[in-house]
$ cat run-v9.cif   # mmCIF, C-alpha atoms
data_structure
loop_
_atom_site.label_atom_id
_atom_site.label_comp_id
_atom_site.auth_asym_id
_atom_site.auth_seq_id
_atom_site.Cartn_x
_atom_site.Cartn_y
_atom_site.Cartn_z
CA MET A 1405 -31.82 119.68 76.58
CA ALA A 1406 -29.21 119.89 73.79
CA HIS A 1407 -25.70 118.72 73.09
CA LEU A 1408 -22.49 119.91 71.50
CA ALA A 1409 -22.06 117.96 68.28
CA GLY A 1410 -18.86 119.54 67.03
CA LEU A 1411 -16.22 122.09 68.00
CA GLY A 1412 -13.63 123.98 66.00
CA HIS A 1413 -11.44 127.05 66.26
CA ALA A 1414 -9.19 129.18 64.08
CA LEU A 1415 -6.37 131.46 65.13
CA PRO A 1416 -4.40 133.82 62.90
CA GLU A 1417 -0.89 132.75 61.93
CA ARG A 1418 0.79 135.94 63.06
CA VAL A 1419 2.18 135.60 66.58
CA VAL A 1420 2.72 138.82 68.53
CA PRO A 1421 5.00 138.12 71.49
CA SER A 1422 4.82 140.33 74.54
CA THR A 1423 8.42 141.38 73.89
CA GLU A 1424 7.26 143.03 70.63
CA LEU A 1425 4.28 144.68 72.26
CA ALA A 1426 6.36 145.85 75.23
CA GLU A 1427 8.65 147.79 72.92
CA ARG A 1428 5.69 149.34 71.11
CA LEU A 1429 3.98 150.39 74.35
CA GLY A 1430 7.07 151.49 76.27
CA VAL A 1431 6.75 148.87 78.99
CA THR A 1432 8.67 145.70 79.84
CA GLU A 1433 7.75 142.11 79.10
CA GLU A 1434 7.87 141.47 82.85
CA TRP A 1435 5.26 144.16 83.43
CA ILE A 1436 2.96 142.54 80.87
CA LEU A 1437 3.44 139.08 82.35
CA GLY A 1438 2.75 140.38 85.85
CA ALA A 1439 -0.34 142.27 84.73
CA CYS A 1440 -1.99 139.50 82.73
CA GLY A 1441 0.23 136.43 82.26
CA ILE A 1442 0.09 136.73 78.46
CA ARG A 1443 3.32 135.74 76.68
CA GLU A 1444 1.94 136.01 73.15
CA ARG A 1445 -1.27 136.53 71.23
CA ARG A 1446 -2.33 136.14 67.59
CA TRP A 1447 -3.25 139.07 65.39
CA ILE A 1448 -4.83 138.88 61.96
CA SER A 1449 -2.86 139.86 58.88
CA GLU A 1450 -4.03 141.66 55.76
CA GLY A 1451 -6.96 139.86 54.14
CA ASP A 1452 -8.17 138.04 57.23
CA THR A 1453 -11.26 139.14 59.14
CA ALA A 1454 -13.35 137.92 62.06
CA ALA A 1455 -15.68 136.40 59.47
CA SER A 1456 -12.91 134.53 57.63
CA LEU A 1457 -11.63 133.13 60.93
CA ALA A 1458 -15.21 132.24 61.87
CA GLU A 1459 -15.67 130.40 58.57
CA ARG A 1460 -12.57 128.25 59.21
CA ALA A 1461 -13.74 127.49 62.74
CA ALA A 1462 -17.26 126.72 61.52
CA GLN A 1463 -16.08 124.32 58.83
CA ALA A 1464 -14.01 122.45 61.42
CA ALA A 1465 -16.96 122.24 63.84
CA LEU A 1466 -19.34 121.13 61.08
CA ALA A 1467 -16.92 118.43 59.92
CA ARG A 1468 -16.69 117.07 63.46
CA ALA A 1469 -20.50 117.10 63.70
CA HIS A 1470 -20.73 115.31 60.32
CA LEU A 1471 -22.97 118.10 59.04
CA THR A 1472 -22.94 120.48 56.10
CA PRO A 1473 -23.88 124.18 56.30
CA SER A 1474 -27.17 123.42 54.50
CA GLN A 1475 -28.27 121.34 57.50
CA LEU A 1476 -27.98 124.24 59.96
CA GLY A 1477 -31.09 125.81 61.46
CA ALA A 1478 -29.51 129.10 62.58
CA ILE A 1479 -26.21 130.96 62.96
CA ILE A 1480 -25.45 133.04 66.05
CA VAL A 1481 -22.19 134.98 66.35
CA GLY A 1482 -20.85 136.54 69.51
CA THR A 1483 -18.63 139.44 68.44
CA GLY A 1484 -17.82 142.99 69.43
CA SER A 1485 -15.02 144.16 67.17
CA ALA A 1486 -16.46 143.88 63.68
CA PRO A 1487 -15.86 146.93 61.48
CA ARG A 1488 -19.51 147.11 60.36
CA ALA A 1489 -22.24 147.75 62.93
CA PHE A 1490 -24.82 145.96 60.81
CA PRO A 1491 -25.27 143.54 59.31
CA GLY A 1492 -22.66 141.87 61.46
CA VAL A 1493 -20.20 139.02 61.24
CA SER A 1494 -23.09 136.55 61.17
CA ALA A 1495 -24.18 137.81 57.74
CA ALA A 1496 -20.65 137.60 56.35
CA LEU A 1497 -20.25 134.14 57.80
CA GLN A 1498 -23.57 132.97 56.40
CA LYS A 1499 -22.46 134.14 52.95
CA LEU A 1500 -19.09 132.39 53.28
CA LEU A 1501 -20.83 129.17 54.35
CA ASP A 1502 -23.40 129.49 51.55
CA ALA A 1503 -26.24 128.78 53.96
CA PRO A 1504 -28.93 131.29 52.97
CA GLY A 1505 -32.44 131.38 54.33
CA ILE A 1506 -31.82 130.51 57.97
CA PRO A 1507 -31.73 133.20 60.67
CA ALA A 1508 -28.28 134.64 61.33
CA PHE A 1509 -27.57 137.30 63.93
CA ASP A 1510 -24.87 138.76 66.17
CA VAL A 1511 -24.63 139.00 69.94
CA PRO A 1512 -22.53 142.12 70.70
CA LEU A 1513 -21.61 141.52 74.33
CA ALA A 1514 -17.81 141.41 74.04
CA SER A 1515 -16.23 138.67 76.12
CA VAL A 1516 -19.45 136.90 77.05
CA GLY A 1517 -20.80 136.91 73.49
CA GLY A 1518 -19.66 133.39 72.66
CA LEU A 1519 -21.29 131.95 75.76
CA PHE A 1520 -24.54 133.85 75.12
CA ALA A 1521 -24.49 132.54 71.53
CA LEU A 1522 -24.13 129.01 72.84
CA ALA A 1523 -26.93 129.52 75.38
CA LEU A 1524 -29.27 130.89 72.73
CA ALA A 1525 -28.37 127.98 70.46
CA VAL A 1526 -29.31 125.53 73.21
CA ASP A 1527 -32.78 127.04 73.46
CA LEU A 1528 -33.25 127.49 69.70
CA SER A 1529 -32.01 124.12 68.45
CA PRO A 1530 -35.10 122.06 69.43
CA ARG A 1531 -37.14 124.31 67.12
CA THR A 1532 -34.71 124.87 64.23
CA GLY A 1533 -32.39 121.89 64.29
CA PRO A 1534 -28.60 122.26 64.65
CA VAL A 1535 -27.45 125.79 65.44
CA LEU A 1536 -23.97 127.14 64.81
CA ALA A 1537 -22.81 129.14 67.83
CA VAL A 1538 -19.71 131.20 67.11
CA GLY A 1539 -17.40 133.63 68.84
CA ALA A 1540 -15.25 135.70 66.49
CA GLU A 1541 -13.11 138.77 67.07
CA GLU A 1542 -10.56 140.99 65.37
CA MET A 1543 -9.60 142.89 68.49
CA SER A 1544 -6.23 143.99 67.06
CA ARG A 1545 -8.14 146.30 64.73
CA VAL A 1546 -9.49 148.33 67.65
CA LEU A 1547 -7.10 148.00 70.56
CA LEU A 1548 -4.35 150.24 69.17
CA ARG A 1549 -6.72 153.14 68.47
CA ALA A 1550 -5.73 156.41 70.11
CA PRO A 1551 -5.71 157.25 72.91
CA LEU A 1552 -3.74 154.10 73.50
CA ALA A 1553 -4.17 152.48 76.91
CA LYS A 1554 -1.40 150.01 77.59
CA GLU A 1555 -3.51 148.22 80.20
CA THR A 1556 -5.94 147.09 77.51
CA ALA A 1557 -3.59 146.91 74.51
CA ILE A 1558 -1.61 144.10 76.17
CA LEU A 1559 -4.63 141.88 76.67
CA PHE A 1560 -6.32 141.13 73.42
CA GLY A 1561 -5.83 138.71 70.57
CA ASP A 1562 -7.80 137.72 67.49
CA GLY A 1563 -9.49 134.40 66.92
CA ALA A 1564 -12.69 132.51 66.33
CA ALA A 1565 -14.35 129.35 67.52
CA ALA A 1566 -17.52 127.54 66.58
CA CYS A 1567 -19.74 124.99 68.17
CA VAL A 1568 -22.56 123.01 66.57
CA VAL A 1569 -25.38 122.77 69.10
CA ALA A 1570 -27.89 120.03 68.30
CA PRO A 1571 -31.12 119.11 70.06
CA GLY A 1572 -31.45 116.10 72.33
CA ASP A 1573 -28.82 113.87 73.88
CA GLY A 1574 -25.31 113.52 72.55
CA PRO A 1575 -21.68 113.00 73.52
CA ILE A 1576 -21.41 116.35 75.31
CA ALA A 1577 -24.71 117.20 76.97
CA VAL A 1578 -25.55 120.76 77.98
CA VAL A 1579 -27.05 120.17 81.43
CA ASP A 1580 -27.92 123.77 82.25
CA VAL A 1581 -27.07 127.36 81.36
CA ARG A 1582 -27.52 130.49 83.47
CA LEU A 1583 -27.12 134.05 82.20
CA GLY A 1584 -27.33 137.50 83.74
CA SER A 1585 -26.81 141.19 82.95
CA ASP A 1586 -26.59 144.46 84.86
CA GLY A 1587 -26.77 147.57 82.71
CA THR A 1588 -25.66 149.71 85.65
CA PHE A 1589 -22.12 149.03 84.48
CA ALA A 1590 -22.65 149.66 80.75
CA ASP A 1591 -20.08 152.47 80.67
CA ALA A 1592 -17.35 150.42 82.38
CA LEU A 1593 -16.70 148.31 79.27
CA SER A 1594 -17.72 149.69 75.91
CA LEU A 1595 -16.67 150.24 72.32
CA GLY A 1596 -18.18 152.98 70.19
CA PRO A 1597 -18.18 153.00 66.37
CA ALA A 1598 -14.75 154.61 66.11
CA GLY A 1599 -13.32 153.46 69.41
CA PRO A 1600 -11.25 153.49 71.48
CA LEU A 1601 -12.04 150.51 73.65
CA VAL A 1602 -13.12 151.82 77.04
CA MET A 1603 -12.38 149.52 79.95
CA ASP A 1604 -12.45 150.48 83.62
CA GLY A 1605 -10.17 147.62 84.58
CA ARG A 1606 -10.65 147.84 88.34
CA THR A 1607 -14.43 147.74 88.06
CA VAL A 1608 -14.30 144.91 85.53
CA ILE A 1609 -12.04 142.82 87.76
CA LEU A 1610 -14.01 143.53 90.94
CA GLN A 1611 -17.31 142.60 89.32
CA ALA A 1612 -15.98 139.65 87.31
CA SER A 1613 -14.30 138.16 90.38
CA ARG A 1614 -17.69 138.16 92.09
CA LYS A 1615 -20.03 137.33 89.19
CA LEU A 1616 -18.06 134.44 87.69
CA PRO A 1617 -17.97 132.27 90.85
CA ALA A 1618 -21.63 133.12 91.53
CA ALA A 1619 -22.65 132.14 87.98
CA ILE A 1620 -20.73 128.88 88.29
CA ARG A 1621 -22.42 128.03 91.59
CA SER A 1622 -25.79 128.90 90.04
CA VAL A 1623 -25.48 126.10 87.45
CA LEU A 1624 -24.05 123.61 89.94
CA GLU A 1625 -26.30 123.97 92.97
CA PRO A 1626 -29.60 122.97 91.26
CA GLN A 1627 -27.85 119.72 90.30
CA GLY A 1628 -26.73 119.14 93.88
CA LEU A 1629 -23.12 119.78 92.85
CA SER A 1630 -20.30 121.90 94.24
CA PRO A 1631 -17.18 123.24 92.49
CA ALA A 1632 -15.26 120.25 93.86
CA ASP A 1633 -17.45 117.97 91.71
CA VAL A 1634 -16.31 119.65 88.50
CA ASP A 1635 -13.51 118.05 86.51
CA LEU A 1636 -12.60 120.99 84.29
CA PHE A 1637 -13.33 124.71 84.35
CA VAL A 1638 -13.16 126.36 80.94
CA LEU A 1639 -13.46 130.05 81.69
CA HIS A 1640 -13.25 133.17 79.59
CA GLN A 1641 -9.50 133.65 79.20
CA ALA A 1642 -9.50 137.26 80.32
CA ASN A 1643 -6.35 137.40 82.35
CA LEU A 1644 -4.34 134.73 84.17
CA ASN A 1645 -4.63 136.63 87.47
CA LEU A 1646 -8.43 136.66 87.22
CA LEU A 1647 -8.56 132.94 86.42
CA ARG A 1648 -6.49 132.21 89.52
CA GLY A 1649 -8.70 134.48 91.61
CA VAL A 1650 -11.83 132.66 90.48
CA ALA A 1651 -10.23 129.31 91.34
CA ARG A 1652 -9.40 130.60 94.83
CA SER A 1653 -12.93 131.89 95.26
CA LEU A 1654 -14.36 128.50 94.26
CA GLY A 1655 -11.92 126.64 96.49
CA VAL A 1656 -10.56 124.51 93.63
CA GLY A 1657 -6.99 123.91 92.55
CA GLU A 1658 -5.56 125.64 89.51
CA GLU A 1659 -5.00 122.22 87.91
CA LYS A 1660 -8.75 122.18 87.22
CA LEU A 1661 -8.51 125.35 85.13
CA PHE A 1662 -8.00 125.15 81.40
CA VAL A 1663 -5.54 127.90 80.51
CA ASN A 1664 -4.54 129.17 77.08
CA VAL A 1665 -4.54 132.91 77.77
CA ASP A 1666 -0.74 132.82 77.97
CA ARG A 1667 -0.58 131.66 74.31
CA VAL A 1668 -3.57 133.30 72.61
CA GLY A 1669 -4.38 136.27 74.84
CA ASN A 1670 -7.90 137.44 75.55
CA THR A 1671 -9.89 136.77 72.37
CA SER A 1672 -13.03 138.31 73.89
CA ALA A 1673 -16.20 136.67 72.52
CA ALA A 1674 -14.20 133.83 70.99
CA SER A 1675 -12.29 133.12 74.17
CA VAL A 1676 -14.39 130.54 76.01
CA LEU A 1677 -15.20 128.60 72.82
CA VAL A 1678 -11.57 128.64 71.63
CA ALA A 1679 -10.61 127.29 75.06
CA LEU A 1680 -13.30 124.59 74.90
CA SER A 1681 -12.25 123.58 71.39
CA GLU A 1682 -8.58 123.38 72.42
CA ALA A 1683 -9.51 121.40 75.54
CA SER A 1684 -11.39 118.95 73.35
CA GLU A 1685 -8.45 118.60 70.95
CA GLN A 1686 -6.16 117.93 73.89
CA GLY A 1687 -8.39 115.09 75.11
CA LEU A 1688 -9.39 116.91 78.29
CA LEU A 1689 -13.14 116.31 77.83
CA ARG A 1690 -12.85 112.81 79.27
CA PRO A 1691 -15.73 110.31 79.45
CA GLY A 1692 -18.02 111.15 82.34
CA ALA A 1693 -16.39 114.53 82.96
CA ARG A 1694 -18.34 117.47 84.30
CA VAL A 1695 -17.16 120.63 82.55
CA VAL A 1696 -18.14 124.18 83.45
CA LEU A 1697 -17.97 127.11 81.03
CA ALA A 1698 -18.19 130.64 82.37
CA ALA A 1699 -17.66 134.11 80.95
CA PHE A 1700 -18.05 137.78 81.81
CA GLY A 1701 -18.39 140.66 79.40
CA ALA A 1702 -19.99 143.93 78.40
CA GLY A 1703 -23.20 145.10 79.97
CA PHE A 1704 -21.95 143.84 82.36
CA SER A 1705 -23.21 140.40 81.37
CA TRP A 1706 -22.12 137.00 82.59
CA GLY A 1707 -23.07 133.37 82.48
CA ALA A 1708 -22.12 129.78 83.08
CA ALA A 1709 -22.94 126.43 81.50
CA LEU A 1710 -22.62 122.93 82.88
CA LEU A 1711 -21.63 120.23 80.40
CA ARG A 1712 -21.52 116.48 80.95
CA VAL A 1713 -19.41 114.28 78.73
CA ALA A 1714 -20.99 110.90 78.06
CA GLY A 1715 -19.40 108.10 80.09
CA MET B 584 -5.28 155.52 114.59
CA THR B 585 -8.62 153.86 115.14
CA PRO B 586 -8.87 150.09 115.68
CA ALA B 587 -10.70 149.85 112.32
CA GLU B 588 -7.91 151.67 110.49
CA GLU B 589 -5.34 149.44 112.15
CA LYS B 590 -7.29 146.38 111.04
CA ILE B 591 -7.51 147.70 107.48
CA ARG B 592 -3.77 148.37 107.33
CA THR B 593 -3.09 144.83 108.55
CA VAL B 594 -5.41 143.34 105.93
CA LEU B 595 -3.98 145.43 103.09
CA THR B 596 -0.32 144.82 103.88
CA PRO B 597 0.03 141.46 102.02
CA PHE B 598 -1.52 142.97 98.89
CA ALA B 599 0.33 146.31 98.97
CA ARG B 600 2.75 146.85 96.07
CA SER B 601 4.16 149.99 97.70
CA PRO B 602 4.09 151.44 101.24
CA ILE B 603 0.62 152.13 102.62
CA PRO B 604 0.43 155.92 103.07
CA ASP B 605 -0.02 157.64 106.42
CA ASP B 606 -2.53 159.98 104.76
CA VAL B 607 -5.89 158.22 105.02
CA ASP B 608 -7.23 160.34 102.14
CA ALA B 609 -4.47 159.42 99.69
CA SER B 610 -5.48 157.32 96.67
CA LEU B 611 -4.26 153.76 97.04
CA PHE B 612 -4.54 153.40 93.26
CA GLU B 613 -2.62 156.52 92.25
CA LEU B 614 0.15 155.61 94.71
CA GLY B 615 0.33 152.12 93.24
CA VAL B 616 -0.47 150.45 96.56
CA LEU B 617 -3.26 148.32 95.11
CA ASP B 618 -3.60 147.13 91.53
CA SER B 619 -6.81 145.61 90.17
CA PHE B 620 -6.04 142.13 91.46
CA GLY B 621 -4.72 143.33 94.80
CA LEU B 622 -7.98 145.22 95.20
CA MET B 623 -9.98 142.09 94.30
CA ASP B 624 -8.19 140.01 96.95
CA ALA B 625 -8.13 142.82 99.52
CA VAL B 626 -11.89 143.30 99.38
CA ALA B 627 -12.40 139.58 100.00
CA ARG B 628 -10.10 139.70 103.05
CA LEU B 629 -11.74 142.90 104.34
CA GLU B 630 -15.12 141.17 104.15
CA GLU B 631 -13.77 138.39 106.35
CA ALA B 632 -12.04 140.76 108.76
CA PHE B 633 -15.17 142.87 109.32
CA GLY B 634 -17.70 140.06 108.98
CA VAL B 635 -19.42 142.01 106.22
CA LYS B 636 -20.56 140.87 102.78
CA VAL B 637 -20.13 143.64 100.21
CA PRO B 638 -23.16 143.57 97.86
CA ASP B 639 -22.34 143.44 94.15
CA ALA B 640 -23.81 146.91 93.64
CA ASP B 641 -21.25 148.31 96.11
CA LEU B 642 -18.29 146.71 94.34
CA THR B 643 -16.89 149.83 92.73
CA PRO B 644 -13.25 150.93 93.02
CA ARG B 645 -14.09 154.42 94.26
CA ARG B 646 -15.54 152.96 97.43
CA PHE B 647 -12.18 151.41 98.27
CA GLU B 648 -9.83 154.05 96.93
CA THR B 649 -8.58 155.46 100.25
CA LEU B 650 -8.13 154.19 103.79
CA ALA B 651 -10.75 156.68 104.96
CA ARG B 652 -13.33 155.43 102.46
CA ILE B 653 -12.64 151.81 103.29
CA GLU B 654 -13.01 152.51 107.01
CA ALA B 655 -16.20 154.52 106.51
CA TYR B 656 -17.74 151.78 104.40
CA PHE B 657 -16.90 148.79 106.55
CA THR B 658 -17.62 150.41 109.89
CA ALA B 659 -21.02 151.57 108.57
CA ARG B 660 -21.82 148.12 107.21
CA ALA B 661 -20.64 146.37 110.35
CA ALA B 662 -22.71 148.63 112.60
#
$ encode --input "run-v9.cif" --output "structure tokens"
Amino acid sequence: MAHLAGLGHALPERVVPSTELAERLGVTEEWILGACGIRERRWISEGDTAASLAERAAQAALARAHLTPSQLGAIIVGTGSAPRAFPGVSAALQKLLDAPGIPAFDVPLASVGGLFALALAVDLSPRTGPVLAVGAEEMSRVLLRAPLAKETAILFGDGAAACVVAPGDGPIAVVDVRLGSDGTFADALSLGPAGPLVMDGRTVILQASRKLPAAIRSVLEPQGLSPADVDLFVLHQANLNLLRGVARSLGVGEEKLFVNVDRVGNTSAASVLVALSEASEQGLLRPGARVVLAAFGAGFSWGAALLRVAG
Amino acid sequence: MTPAEEKIRTVLTPFARSPIPDDVDASLFELGVLDSFGLMDAVARLEEAFGVKVPDADLTPRRFETLARIEAYFTARAA
């Protein structure tokens, strides 16, 4: 099918602890921790953008893949928070990478954007050669827009991650990918040109808690696998409580979950790729491991991918 | 109290963050009885208790906002 040839991520230097945010929002740190399990997140500073973070992540992924930008066949960026509706972060990233001529486009699906970018890259790479799949967000730019909703303001962080997807076999094979959308819920999670971010949290949680386990089973069952056969679940880092709920629904222990939401917050489209890149850096993608990615975002849209690390 | 309401109160009790109201039409969300994650877990337990699978299209908070709505939904589905 295709394989992941290189991973990289970039997080802003500025750390925003929940104590700081609690004071700003008139809540307590304990309330934030109980609501989402996030102790701190990273926010961009002056001069940084989703595109600049994406460029750092892309250069790291390309270096690990032993490729240069000129060898890419396409650039796909999952993002939802860019200041310009079009052209999107993909155009800015392409310029920063100095890789003109190849197709570059955005996937504006919020938290599932990175996974959709990866899935599209898997299908595109046999035709174009290596594809750069990216998730990049500057959520801090939008989440404090009035009217301020503390339930959403506590969740989000900025960040970017990139993955070089190359055709054929490789060290991390993409075994299968499944995607889905249901526009019935389009109004439950949305962001207009001037904001604010609209999120019907109860509906998002109810639907995500159902769709994520179903998506995961949908990539496992055709392979004759069950959740117990998976070594590591790298899920969209939406909220610690949701991650635990998905683990319960799948009947797997929390030790199989990769968790970084407590340190980086919910980085939306970047989330699942940042988590995968960190898991790789921490040596968690062990030889022979079966790894499942899954995410849920705007639309609603959702998906899962099954990876197999070479033995 | 109907047997269904009694069953619902029993199921909700472990997830309740404040006392479950006597008023079956009171909002469980506005009273802080169920938060998003309590609701997520409660629906799963209600499915087991009533032997009913809630279709994805029915998974909206409004359907589970009050004891009366929960009872109406699950008794209709179980029938």
$ closest_atom_pairs --input "run-v9.cif" --of "chain B" --to "chain A" --cutoff "12 Å" --atoms "only C-alpha atoms" --output "Markdown table"
| residue | atom | partner | partner_atom | distance |
| --- | --- | --- | --- | --- |
| B:Phe612 | CA | A:Arg1606 | CA | 9.6 |
| B:Leu617 | CA | A:Arg1606 | CA | 10.0 |
| B:Asp618 | CA | A:Arg1606 | CA | 7.8 |
| B:Ser619 | CA | A:Arg1606 | CA | 4.8 |
| B:Phe620 | CA | A:Asn1645 | CA | 6.9 |
| B:Gly621 | CA | A:Arg1606 | CA | 9.9 |
| B:Leu622 | CA | A:Leu1610 | CA | 7.6 |
| B:Met623 | CA | A:Leu1610 | CA | 5.4 |
| B:Asp624 | CA | A:Gly1649 | CA | 7.7 |
| B:Ala625 | CA | A:Leu1610 | CA | 10.4 |
| B:Val626 | CA | A:Leu1610 | CA | 8.7 |
| B:Ala627 | CA | A:Ser1653 | CA | 9.0 |
| B:Arg628 | CA | A:Ser1653 | CA | 11.4 |
| B:Lys636 | CA | A:Arg1614 | CA | 11.4 |
| B:Val637 | CA | A:Arg1614 | CA | 10.1 |
| B:Pro638 | CA | A:Arg1614 | CA | 9.6 |
| B:Asp639 | CA | A:Gln1611 | CA | 7.0 |
| B:Ala640 | CA | A:Thr1588 | CA | 8.7 |
| B:Asp641 | CA | A:Gln1611 | CA | 9.7 |
| B:Leu642 | CA | A:Leu1610 | CA | 6.3 |
| B:Thr643 | CA | A:Thr1607 | CA | 5.7 |
| B:Pro644 | CA | A:Thr1607 | CA | 6.0 |
| B:Arg645 | CA | A:Thr1607 | CA | 9.1 |
| B:Arg646 | CA | A:Thr1607 | CA | 10.8 |
| B:Phe647 | CA | A:Arg1606 | CA | 10.7 |
| B:Glu648 | CA | A:Arg1606 | CA | 10.6 |
$ write_last_selection --input "run-v9.cif" --atoms "C-alpha atoms" --output "tab-separated table (two decimals), keeping the file's coordinate frame"
chain	number	residue	atom	x	y	z
B	612	PHE	CA	-4.54	153.40	93.26
B	617	LEU	CA	-3.26	148.32	95.11
B	618	ASP	CA	-3.60	147.13	91.53
B	619	SER	CA	-6.81	145.61	90.17
B	620	PHE	CA	-6.04	142.13	91.46
B	621	GLY	CA	-4.72	143.33	94.80
B	622	LEU	CA	-7.98	145.22	95.20
B	623	MET	CA	-9.98	142.09	94.30
B	624	ASP	CA	-8.19	140.01	96.95
B	625	ALA	CA	-8.13	142.82	99.52
B	626	VAL	CA	-11.89	143.30	99.38
B	627	ALA	CA	-12.40	139.58	100.00
B	628	ARG	CA	-10.10	139.70	103.05
B	636	LYS	CA	-20.56	140.87	102.78
B	637	VAL	CA	-20.13	143.64	100.21
B	638	PRO	CA	-23.16	143.57	97.86
B	639	ASP	CA	-22.34	143.44	94.15
B	640	ALA	CA	-23.81	146.91	93.64
B	641	ASP	CA	-21.25	148.31	96.11
B	642	LEU	CA	-18.29	146.71	94.34
B	643	THR	CA	-16.89	149.83	92.73
B	644	PRO	CA	-13.25	150.93	93.02
B	645	ARG	CA	-14.09	154.42	94.26
B	646	ARG	CA	-15.54	152.96	97.43
B	647	PHE	CA	-12.18	151.41	98.27
B	648	GLU	CA	-9.83	154.05	96.93
$ resolve_selection --input "run-v9.cif" --expression "the PyMOL selection byres ((chain A and resi 1480-1491) around 7)" --output "MDAnalysis selection string"
chainID A and resid 1454 1478:1479 1492:1495 1508:1514 1517:1518 1521 1536:1543 1546 1673
$ resolve_selection --input "run-v9.cif" --expression "the PyMOL selection byres ((chain B and resi 604) around 12)" --output "list in words"
Glu588, Arg592, Leu595, Thr596, Ala599, Arg600, Ser601, Pro602, Ile603, Asp605, Asp606, Val607, Asp608, Ala609, Ser610, Leu611, Phe612, Glu613, Leu614, Gly615, Val616, Leu617, Thr649, Leu650 and Ala651 of chain B
$ atom_distance --input "run-v9.cif" --atom1 "CA of Phe633 (chain B)" --atom2 "CA of Val1656 (chain A)"
24.6 Å
$ resolve_selection --input "run-v9.cif" --expression "the PyMOL selection byres ((chain A and resi 1573) around 7)" --output "PyMOL selection string"
chain A and resi 1406-1407+1571-1572+1574+1577
$ closest_residue --input "run-v9.cif" --among "A:Gly1430, A:Gly1703, A:Gly1715, A:Gly1657" --to "Val1516 (chain A)" --atoms "only C-alpha atoms"
A:Gly1703
$ atom_distance --input "run-v9.cif" --atom1 "CA of Ala1566 (chain A)" --atom2 "CA of Leu1661 (chain A)"
20.7 Å
$ atom_distance --input "run-v9.cif" --atom1 "CA of Ala1523 (chain A)" --atom2 "CA of Gly1584 (chain A)"
11.6 Å
$ closest_residue --input "run-v9.cif" --among "A:Val1535, A:Leu1644, A:Val1650, A:Leu1624" --to "Arg1694 (chain A)" --atoms "all atoms listed in the file"
A:Leu1624
$ residues_near_point --input "run-v9.cif" --point "(-18.0, 147.3, 104.4)" --cutoff "8 Å" --atoms "all atoms listed in the file" --output "list in words"
Leu629, Glu630, Phe633, Val635, Lys636, Val637, Ile653, Glu654, Ala655, Tyr656, Phe657, Thr658, Ala659, Arg660 and Ala661 of chain B
$ residues_around --input "run-v9.cif" --residues "Gln1463 (chain A)" --least-positions-apart "3" --cutoff "12 Å" --atoms "all atoms listed in the file" --output "short mmCIF file (atom, residue, chain, number, x, y, z; two decimals) with C-alpha atoms, in the coordinates of the input"
data_model
loop_
_atom_site.label_atom_id
_atom_site.label_comp_id
_atom_site.auth_asym_id
_atom_site.auth_seq_id
_atom_site.Cartn_x
_atom_site.Cartn_y
_atom_site.Cartn_z
CA GLY A 1410 -18.86 119.54 67.03
CA LEU A 1411 -16.22 122.09 68.00
CA GLY A 1412 -13.63 123.98 66.00
CA HIS A 1413 -11.44 127.05 66.26
CA ALA A 1414 -9.19 129.18 64.08
CA SER A 1456 -12.91 134.53 57.63
CA LEU A 1457 -11.63 133.13 60.93
CA ALA A 1458 -15.21 132.24 61.87
CA GLU A 1459 -15.67 130.40 58.57
CA ARG A 1460 -12.57 128.25 59.21
CA LEU A 1466 -19.34 121.13 61.08
CA ALA A 1467 -16.92 118.43 59.92
CA ARG A 1468 -16.69 117.07 63.46
CA ALA A 1469 -20.50 117.10 63.70
CA HIS A 1470 -20.73 115.31 60.32
CA LEU A 1471 -22.97 118.10 59.04
CA THR A 1472 -22.94 120.48 56.10
CA PRO A 1473 -23.88 124.18 56.30
CA SER A 1474 -27.17 123.42 54.50
CA LEU A 1476 -27.98 124.24 59.96
CA LEU A 1497 -20.25 134.14 57.80
CA GLN A 1498 -23.57 132.97 56.40
CA LEU A 1500 -19.09 132.39 53.28
CA LEU A 1501 -20.83 129.17 54.35
CA ASP A 1502 -23.40 129.49 51.55
CA LEU A 1536 -23.97 127.14 64.81
CA VAL A 1538 -19.71 131.20 67.11
CA ALA A 1564 -12.69 132.51 66.33
CA ALA A 1565 -14.35 129.35 67.52
CA ALA A 1566 -17.52 127.54 66.58
CA CYS A 1567 -19.74 124.99 68.17
CA VAL A 1568 -22.56 123.01 66.57
#
$ residues_around --input "run-v9.cif" --residues "Leu1559 (chain A)" --least-positions-apart "5" --cutoff "8 Å" --atoms "only C-alpha atoms" --output "list in words"
Cys1440, Ile1442, Ala1642, Asn1643, Gly1669 and Asn1670 of chain A
$ residues_around --input "run-v9.cif" --residues "Ala1709 (chain A)" --least-positions-apart "5" --cutoff "9 Å" --atoms "all atoms listed in the file" --output "PyMOL selection string"
chain A and resi 1519+1523+1578-1583+1619-1620+1623-1624+1695-1698
$ closest_residue --input "run-v9.cif" --among "A:Ile1506, A:Gly1533, A:Gly1561, A:Leu1408" --to "Leu1689 (chain A)" --atoms "all atoms listed in the file"
A:Leu1408
$ decode --input "run-v9.cif" --residues "region 615-626 of chain B" --atoms "C-alpha atoms" --output "short mmCIF file (atom, residue, chain, number, x, y, z; two decimals), in the first residue's frame"
data_model
loop_
_atom_site.label_atom_id
_atom_site.label_comp_id
_atom_site.auth_asym_id
_atom_site.auth_seq_id
_atom_site.Cartn_x
_atom_site.Cartn_y
_atom_site.Cartn_z
CA GLY B 615 -24.98 19.62 36.80
CA VAL B 616 -26.06 16.01 37.33
CA LEU B 617 -24.39 14.78 34.14
CA ASP B 618 -21.39 16.30 32.41
CA SER B 619 -20.33 15.30 28.89
CA PHE B 620 -18.38 12.26 30.02
CA GLY B 621 -20.96 11.19 32.58
CA LEU B 622 -23.51 11.32 29.78
CA MET B 623 -21.23 9.24 27.51
CA ASP B 624 -20.85 6.51 30.16
CA ALA B 625 -24.48 6.70 31.27
CA VAL B 626 -25.81 6.11 27.77
#
